[in-house]
Amino acid sequence: MERQIDRKIAIIGLGPRGLGALEALSQGAKSRGRRLQIDIFDTCACPGAGPNFDPHEPTHCLLNIPLRDIHLRAPADLDVCSFGDWTTPTMGDDAFPPRADLGRYLQQRLAKLAHTPSHLRITRVPETVERLLRAENGWQLRVGSNSHGPYDEVLLVPGQPPVRPDDQLAEWQDHAAHTNAELAGAYPARRLQAAAENWAGHRVAVRGFALSSFDVIRVLTLGLGGRFSDDGYIPSGKEPACIIPFSLDGQPPYPKPETGDINAHYEPTPDETALFARAVFEASVGSAAAAKALLTDALTPPVQRILSSLAPGTSDTAIRDWLGREWTDPGSQETAPSHETLTQGIAMADGSIPPTIGYAVGQLWRKWQDPLRQGYNPATTPPDTAAILVGFDEGLKRYSYGPPVSACRELLALIQAGIVTVDLAKDPDITLTDTGWGLTSGTHTATAEIMIDGVLPSPDPTKVTSSLVSSLIHDGYLSTLDKLGARTAPDGRLIDRNEKPVPGLSLLGRLALGSVIAADSLHDCFGKASSRWADGVLRRID
């Protein structure tokens with residue numbers, strides 16, 4: 001006979017990462033004969049999808065992963081098909097699906113989990129937790145004047161919570177509040193699209209030139225009725241007069257290889273992957289200098305092998321020189337104008353020109369994200385080493401997290417149509433005007449009445465505005481790594497100010513960057529981090 005429910009667990013926030021953790025917990029509880037009460041505290045209408053994959057978002061906001069590369073682990077005892085089998089049958093393996101489609105799929109997985117296992121009782125509480133209080137019999141969750149609990153275990157899955165604005169953004173917020181200038185966020189995209197209905201003929205600047213800017217540009221064009229044809233962009237007449245993306249380096253991200261055949265050129269061999277995995281493990285527990293040397297040695301031979309057929313004549317020395325500069329100053333090696341970088345990236349992705357060293361390194365690094373996490377995340381990494389490894393990974397995201405080639409071609413067509421300009425893309429001087437913002441870069445100037453913030457905030461918990469996170473810091477339960485995220489143990493438990501794991505209190509995701517690496521990946525949500533957390537919970541319960 002199965003045991004009665006004997007443990008209560010709270011999950012604060014959910015989304016894909018919380019769903020992955022919940023699925024791992026369900027599978028482990030069933031194998032141990034445990035029955036659990038799970039309370040999910042999430043105000044999102046579709047908690048399984050979360051805000052990033054909200055099913056109500058516009059369908060022109062795409063994933064940055066082709067269908068062929070989406071493999072989300074699911075419990076063997078849960079009747080769940082793969083996303084590829086679930087999605088539109090006519091979508092090819094090289095297509096980049098809408099994020100909303102993935103959100104609907106994840107929401108269905110949550111529904112199946114909630115209604116299928118007899119060993120879990122799952123309740124959703126659509127409320128915001130403001131504070132956690134530790135008592136002898138477990139954790140109490142405060143919601144206004146009410147209290148929930150006690151809970152034996154609490155998992156925090158905060159995603160990217162709101163943060164205090166940086167100095168520039170704070171100044172712009174004040175400026176917009178006292179003038180006719182308009183400041184908007186990139187997300188939710190449907191809210192941006194509704195606001196943009198009134199922006200015809202206005203000039204719009206976009207702070208940030210990474211993946212979010214591609215969503216913003218599609219919202220301001222396709223979302224307003226424009227369309228693309230073989231001859232270029234066909235406007236609807238509702239678009240802004242001009243869209244002006246900019247960033248510190250002014251460089252757009254590089255697209256991923258267009259087809260499976262081109263992508264296969266960058267596939268590492270099993271031996272190369274095994275050597276890399278061993279190098280990551282050793283790098284994660286050593287000094288920063290040792291980490292650089294280990295990973296440089298692991299990357300150089302496979303990059304040279306790849307380039308020997310695609311870009312003959314690339315020397316070992318050239319690859320090591322490129323990696324050496326990348327360790328110290330990520331992204332500084334791309335100095336071409338934005339338009340040239342965009343066209344070069346498209347040509348490398350469709351195979352019409354040989355890849356650069358950077359493109360080859362980035363695509364190889366993309367394929368090694370799983371062994372990177374598997375070697376780094378369970379380790380206790382020295383702070384200086386964590387900073388150098390996380391910085392290297394974050395810098396290579398301009399290649400490894402790139403958009404579809406189709407999105408880059410659309411951007412090129414919009415530049416040719418005069419809808420988008422990249423003349424001010426590189427770190428323009430920005431002044432405040434009576435009607436908005438003035439931008440200057442070299443001999444180019446422009447004014448914008450609307451500014452869209454598309455910059456992803458840092459994962460520093462001390463900048464988070466949530467009362468829950470700030471109270472955890474105040475109470476000493478949450479400590480941080482210098483300039484990175486929260487300190488967590490390999491199983492996700494928070495490390496307190498006394499450097500001890502906090503009993504029954506865990507955090508997974510981007511807010512723990514530094515303790516973990518490559519946490520922005522969808523696949524990481526359903527990977528080993530979730531399994532380690534679930535195993536730790538069940539071990540402590542047992």
# chains A, B, ... in the order shown; residues from 1 in each chain; ligands from 1
>>> residues_around(residues="Asn64 of chain A", least_positions_apart="4", cutoff="10 Å", atoms="only C-alpha atoms", output="count of residues only")
14
>>> residues_around(residues="Arg68 of chain A", least_positions_apart="3", cutoff="10 Å", atoms="only C-alpha atoms", output="ChimeraX atom specification")
/A:65,71,84,92-96,259-260
>>> closest_residue(among="A:Thr445, A:Gln173, A:Ser530, A:Ser506", to="Leu494 of chain A", atoms="only C-alpha atoms")
A:Ser506
>>> closest_atom_pairs(of="segment 196-239 of chain A", to="segment 412-430 of chain A", cutoff="9 Å", atoms="only C-alpha atoms", output="tab-separated table")
residue	atom	partner	partner_atom	distance
A:Phe209	CA	A:Ala425	CA	7.9
A:Ile217	CA	A:Val420	CA	8.4
A:Thr221	CA	A:Ile419	CA	8.7
A:Phe228	CA	A:Ala413	CA	8.3
A:Asp231	CA	A:Ala413	CA	8.9
A:Gly232	CA	A:Ala413	CA	5.4
A:Tyr233	CA	A:Ala413	CA	6.0
A:Ile234	CA	A:Ala417	CA	8.7
A:Pro235	CA	A:Ile419	CA	8.9
A:Glu239	CA	A:Ile419	CA	8.0
>>> residues_around(residues="Ile473 of chain A", least_positions_apart="6", cutoff="9 Å", atoms="only C-alpha atoms", output="PyMOL selection string")
chain A and resi 461-462+479-480+496-497
>>> atom_distance(atom1="atom CA of Ala205 of chain A", atom2="atom CA of Cys61 of chain A")
19.0 Å
>>> closest_residue(among="A:Leu169, A:Ala184, A:Leu63, A:Leu155", to="Arg17 of chain A", atoms="only C-alpha atoms")
A:Leu155
>>> closest_atom_pairs(of="segment 311-430 of chain A", to="segment 272-287 of chain A", cutoff="9 Å", atoms="only C-alpha atoms", output="tab-separated table")
residue	atom	partner	partner_atom	distance
A:Trp368	CA	A:Thr273	CA	7.4
A:Pro371	CA	A:Ala277	CA	5.4
A:Leu372	CA	A:Val280	CA	6.3
A:Arg373	CA	A:Val280	CA	8.7
A:Gln374	CA	A:Ala277	CA	7.9
A:Gly375	CA	A:Phe281	CA	4.5
A:Tyr376	CA	A:Ser284	CA	5.5
A:Asn377	CA	A:Ser284	CA	8.6
A:Ala379	CA	A:Ser284	CA	6.4
A:Thr380	CA	A:Val285	CA	6.5
A:Thr381	CA	A:Val285	CA	5.1
A:Pro382	CA	A:Val285	CA	6.7
A:Asp384	CA	A:Ser287	CA	7.4
A:Thr385	CA	A:Ser287	CA	5.7
A:Ala386	CA	A:Ser284	CA	7.4
A:Leu389	CA	A:Ser284	CA	8.2
>>> residues_around(residues="Leu102 of chain A", least_positions_apart="4", cutoff="9 Å", atoms="only C-alpha atoms", output="list of chain:residue names")
A:Ala49, A:Phe53, A:Asp54, A:Pro55, A:Leu63, A:Phe83, A:Thr87, A:Pro97, A:Pro98, A:Leu106, A:Gln107
>>> select_by_dssp(residues="segment 243-432 of chain A", states="alpha helix (DSSP H)", output="MDAnalysis selection string")
chainID A and resid 260:264 270:284 288:310 316:328 338:349 357:367 369:376 383:400 405:416
>>> closest_atom_pairs(of="segment 188-270 of chain A", to="segment 345-365 of chain A", cutoff="12 Å", atoms="only C-alpha atoms", output="CSV")
residue,atom,partner,partner_atom,distance
A:Gln251,CA,A:Gly345,CA,10.7
A:Pro252,CA,A:Gly345,CA,9.1
A:Pro253,CA,A:Gly345,CA,8.2
A:Tyr254,CA,A:Gly345,CA,5.2
A:Pro255,CA,A:Ala349,CA,6.1
A:Lys256,CA,A:Ala349,CA,5.9
A:Pro257,CA,A:Ala349,CA,4.2
A:Glu258,CA,A:Asp350,CA,5.3
A:Thr259,CA,A:Asp350,CA,7.6
A:Gly260,CA,A:Asp350,CA,10.7
A:Asp261,CA,A:Gly351,CA,9.8
A:Ile262,CA,A:Gly351,CA,6.7
A:Asn263,CA,A:Gln363,CA,8.3
A:Ala264,CA,A:Gln363,CA,10.2
A:His265,CA,A:Ala360,CA,9.3
A:Tyr266,CA,A:Leu364,CA,5.8
A:Glu267,CA,A:Leu364,CA,6.9
A:Pro268,CA,A:Leu364,CA,7.0
A:Thr269,CA,A:Leu364,CA,10.7
>>> residues_around(residues="Ile12 of chain A", least_positions_apart="4", cutoff="9 Å", atoms="only C-alpha atoms", output="list in words")
Gly18, Asp39, Ile40, Phe41, Asp42, Thr128, Val129, Val154, Leu155, Leu156, Val157 and Pro158 of chain A
>>> write_last_selection(atoms="C-alpha atoms", output="CSV table (one decimal), in the first residue's frame")
chain,number,residue,atom,x,y,z
A,18,GLY,CA,10.1,24.6,-12.6
A,39,ASP,CA,1.8,23.9,-4.0
A,40,ILE,CA,2.8,26.0,-7.0
A,41,PHE,CA,2.9,29.8,-6.3
A,42,ASP,CA,2.7,31.5,-9.6
A,128,THR,CA,2.9,36.4,-5.0
A,129,VAL,CA,5.0,35.2,-2.1
A,154,VAL,CA,10.8,25.3,-0.9
A,155,LEU,CA,12.1,25.7,-4.4
A,156,LEU,CA,12.6,29.2,-5.9
A,157,VAL,CA,12.3,29.4,-9.7
A,158,PRO,CA,12.4,33.2,-10.2
>>> select_by_dssp(residues="segment 289-470 of chain A", states="strand (DSSP E or B)", output="MDAnalysis selection string")
chainID A and resid 420 426 429:432 437:441 444:448 450:453 464
>>> write_last_selection(atoms="N, CA, C and O atoms", output="JSON list (two decimals), in the first residue's frame")
[["chain", "number", "residue", "atom", "x", "y", "z"],
["A", 420, "VAL", "N", 14.89, 50.14, -41.13],
["A", 420, "VAL", "CA", 15.88, 50.02, -40.04],
["A", 420, "VAL", "C", 17.18, 50.68, -40.50],
["A", 420, "VAL", "O", 17.58, 50.55, -41.66],
["A", 426, "LYS", "N", 26.66, 51.44, -33.09],
["A", 426, "LYS", "CA", 27.76, 51.28, -32.15],
["A", 426, "LYS", "C", 27.83, 52.43, -31.15],
["A", 426, "LYS", "O", 28.23, 53.55, -31.48],
["A", 429, "ASP", "N", 26.36, 58.45, -28.78],
["A", 429, "ASP", "CA", 26.13, 59.43, -27.73],
["A", 429, "ASP", "C", 24.63, 59.73, -27.70],
["A", 429, "ASP", "O", 24.01, 59.94, -28.76],
["A", 430, "ILE", "N", 24.06, 59.73, -26.50],
["A", 430, "ILE", "CA", 22.61, 59.91, -26.37],
["A", 430, "ILE", "C", 22.32, 61.11, -25.48],
["A", 430, "ILE", "O", 22.84, 61.20, -24.35],
["A", 431, "THR", "N", 21.51, 62.02, -25.98],
["A", 431, "THR", "CA", 21.08, 63.18, -25.20],
["A", 431, "THR", "C", 19.57, 63.17, -25.08],
["A", 431, "THR", "O", 18.87, 62.55, -25.91],
["A", 432, "LEU", "N", 19.08, 63.82, -24.06],
["A", 432, "LEU", "CA", 17.63, 63.92, -23.85],
["A", 432, "LEU", "C", 17.13, 65.18, -24.53],
["A", 432, "LEU", "O", 17.74, 66.24, -24.44],
["A", 437, "TRP", "N", 14.81, 61.39, -27.58],
["A", 437, "TRP", "CA", 16.23, 61.15, -27.44],
["A", 437, "TRP", "C", 16.95, 61.56, -28.72],
["A", 437, "TRP", "O", 16.46, 61.31, -29.83],
["A", 438, "GLY", "N", 18.12, 62.14, -28.56],
["A", 438, "GLY", "CA", 18.98, 62.42, -29.69],
["A", 438, "GLY", "C", 20.16, 61.46, -29.70],
["A", 438, "GLY", "O", 20.80, 61.26, -28.66],
["A", 439, "LEU", "N", 20.45, 60.86, -30.85],
["A", 439, "LEU", "CA", 21.53, 59.88, -30.97],
["A", 439, "LEU", "C", 22.55, 60.39, -31.98],
["A", 439, "LEU", "O", 22.18, 60.87, -33.07],
["A", 440, "THR", "N", 23.84, 60.27, -31.64],
["A", 440, "THR", "CA", 24.91, 60.71, -32.51],
["A", 440, "THR", "C", 26.02, 59.66, -32.52],
["A", 440, "THR", "O", 26.45, 59.19, -31.46],
["A", 441, "SER", "N", 26.47, 59.29, -33.70],
["A", 441, "SER", "CA", 27.61, 58.38, -33.85],
["A", 441, "SER", "C", 28.39, 58.82, -35.08],
["A", 441, "SER", "O", 27.90, 58.70, -36.21],
["A", 444, "HIS", "N", 26.75, 60.59, -38.14],
["A", 444, "HIS", "CA", 25.33, 60.25, -38.22],
["A", 444, "HIS", "C", 24.59, 60.75, -36.98],
["A", 444, "HIS", "O", 25.08, 60.61, -35.85],
["A", 445, "THR", "N", 23.42, 61.32, -37.19],
["A", 445, "THR", "CA", 22.57, 61.76, -36.09],
["A", 445, "THR", "C", 21.13, 61.35, -36.37],
["A", 445, "THR", "O", 20.73, 61.16, -37.53],
["A", 446, "ALA", "N", 20.36, 61.21, -35.30],
["A", 446, "ALA", "CA", 18.94, 60.91, -35.43],
["A", 446, "ALA", "C", 18.26, 61.27, -34.12],
["A", 446, "ALA", "O", 18.90, 61.39, -33.07],
["A", 447, "THR", "N", 16.96, 61.47, -34.21],
["A", 447, "THR", "CA", 16.16, 61.66, -33.00],
["A", 447, "THR", "C", 15.11, 60.56, -32.96],
["A", 447, "THR", "O", 14.68, 60.05, -33.99],
["A", 448, "ALA", "N", 14.70, 60.21, -31.76],
["A", 448, "ALA", "CA", 13.68, 59.17, -31.58],
["A", 448, "ALA", "C", 12.69, 59.62, -30.52],
["A", 448, "ALA", "O", 13.08, 60.10, -29.45],
["A", 450, "ILE", "N", 10.44, 57.44, -29.35],
["A", 450, "ILE", "CA", 10.17, 56.23, -28.55],
["A", 450, "ILE", "C", 11.47, 55.49, -28.34],
["A", 450, "ILE", "O", 12.29, 55.35, -29.27],
["A", 451, "MET", "N", 11.69, 55.01, -27.12],
["A", 451, "MET", "CA", 12.85, 54.19, -26.79],
["A", 451, "MET", "C", 12.34, 52.86, -26.24],
["A", 451, "MET", "O", 11.49, 52.84, -25.34],
["A", 452, "ILE", "N", 12.86, 51.77, -26.78],
["A", 452, "ILE", "CA", 12.50, 50.43, -26.30],
["A", 452, "ILE", "C", 13.72, 49.82, -25.63],
["A", 452, "ILE", "O", 14.80, 49.78, -26.22],
["A", 453, "ASP", "N", 13.54, 49.35, -24.40],
["A", 453, "ASP", "CA", 14.65, 48.72, -23.68],
["A", 453, "ASP", "C", 14.63, 47.21, -23.95],
["A", 453, "ASP", "O", 13.73, 46.51, -23.51],
["A", 464, "VAL", "N", 17.61, 42.92, -7.51],
["A", 464, "VAL", "CA", 16.22, 42.48, -7.73],
["A", 464, "VAL", "C", 15.28, 43.27, -6.81],
["A", 464, "VAL", "O", 15.58, 43.48, -5.63]]
>>> closest_residue(among="A:Ser212, A:Gln193, A:Thr335, A:Thr59", to="Leu224 of chain A", atoms="only C-alpha atoms")
A:Gln193
>>> closest_residue(among="A:His523, A:Arg104, A:Glu394, A:Thr465", to="Leu484 of chain A", atoms="only C-alpha atoms")
A:Glu394
>>> decode(residues="segment 94-109 of chain A", atoms="N, CA, C and O atoms", output="CSV table (one decimal), in the first residue's frame")
chain,number,residue,atom,x,y,z
A,94,ASP,N,14.5,22.1,-40.0
A,94,ASP,CA,15.3,23.3,-40.0
A,94,ASP,C,14.5,24.6,-39.6
A,94,ASP,O,15.1,25.7,-39.5
A,95,ALA,N,13.2,24.4,-39.4
A,95,ALA,CA,12.4,25.6,-39.0
A,95,ALA,C,12.7,26.0,-37.6
A,95,ALA,O,13.0,25.2,-36.7
A,96,PHE,N,12.4,27.3,-37.3
A,96,PHE,CA,12.5,27.8,-35.9
A,96,PHE,C,11.1,28.1,-35.5
A,96,PHE,O,10.5,29.1,-35.9
A,97,PRO,N,10.5,27.3,-34.6
A,97,PRO,CA,9.1,27.4,-34.2
A,97,PRO,C,8.8,28.7,-33.4
A,97,PRO,O,9.7,29.2,-32.8
A,98,PRO,N,7.6,29.1,-33.4
A,98,PRO,CA,7.2,30.3,-32.5
A,98,PRO,C,7.3,29.9,-31.1
A,98,PRO,O,7.1,28.7,-30.7
A,99,ARG,N,7.7,30.8,-30.3
A,99,ARG,CA,7.9,30.6,-28.8
A,99,ARG,C,6.5,30.2,-28.2
A,99,ARG,O,6.4,29.4,-27.3
A,100,ALA,N,5.4,30.8,-28.8
A,100,ALA,CA,4.1,30.5,-28.2
A,100,ALA,C,3.7,29.1,-28.5
A,100,ALA,O,3.0,28.5,-27.6
A,101,ASP,N,4.2,28.5,-29.5
A,101,ASP,CA,3.9,27.0,-29.8
A,101,ASP,C,4.5,26.2,-28.7
A,101,ASP,O,3.9,25.3,-28.2
A,102,LEU,N,5.8,26.5,-28.4
A,102,LEU,CA,6.5,25.7,-27.3
A,102,LEU,C,5.7,26.0,-26.0
A,102,LEU,O,5.6,25.0,-25.2
A,103,GLY,N,5.2,27.2,-25.7
A,103,GLY,CA,4.5,27.4,-24.5
A,103,GLY,C,3.2,26.6,-24.4
A,103,GLY,O,2.9,26.1,-23.3
A,104,ARG,N,2.5,26.4,-25.5
A,104,ARG,CA,1.3,25.6,-25.5
A,104,ARG,C,1.7,24.1,-25.2
A,104,ARG,O,1.0,23.4,-24.4
A,105,TYR,N,2.8,23.7,-25.8
A,105,TYR,CA,3.3,22.3,-25.5
A,105,TYR,C,3.6,22.1,-24.0
A,105,TYR,O,3.2,21.1,-23.4
A,106,LEU,N,4.4,23.1,-23.5
A,106,LEU,CA,4.8,23.0,-22.1
A,106,LEU,C,3.6,23.0,-21.1
A,106,LEU,O,3.5,22.3,-20.1
A,107,GLN,N,2.6,23.8,-21.5
A,107,GLN,CA,1.4,23.9,-20.7
A,107,GLN,C,0.6,22.6,-20.7
A,107,GLN,O,0.1,22.2,-19.7
A,108,GLN,N,0.6,21.9,-21.8
A,108,GLN,CA,0.0,20.6,-21.9
A,108,GLN,C,0.8,19.6,-21.1
A,108,GLN,O,0.1,18.7,-20.4
A,109,ARG,N,2.1,19.7,-21.0
A,109,ARG,CA,2.9,18.8,-20.2
A,109,ARG,C,2.5,19.0,-18.7
A,109,ARG,O,2.4,18.0,-18.0
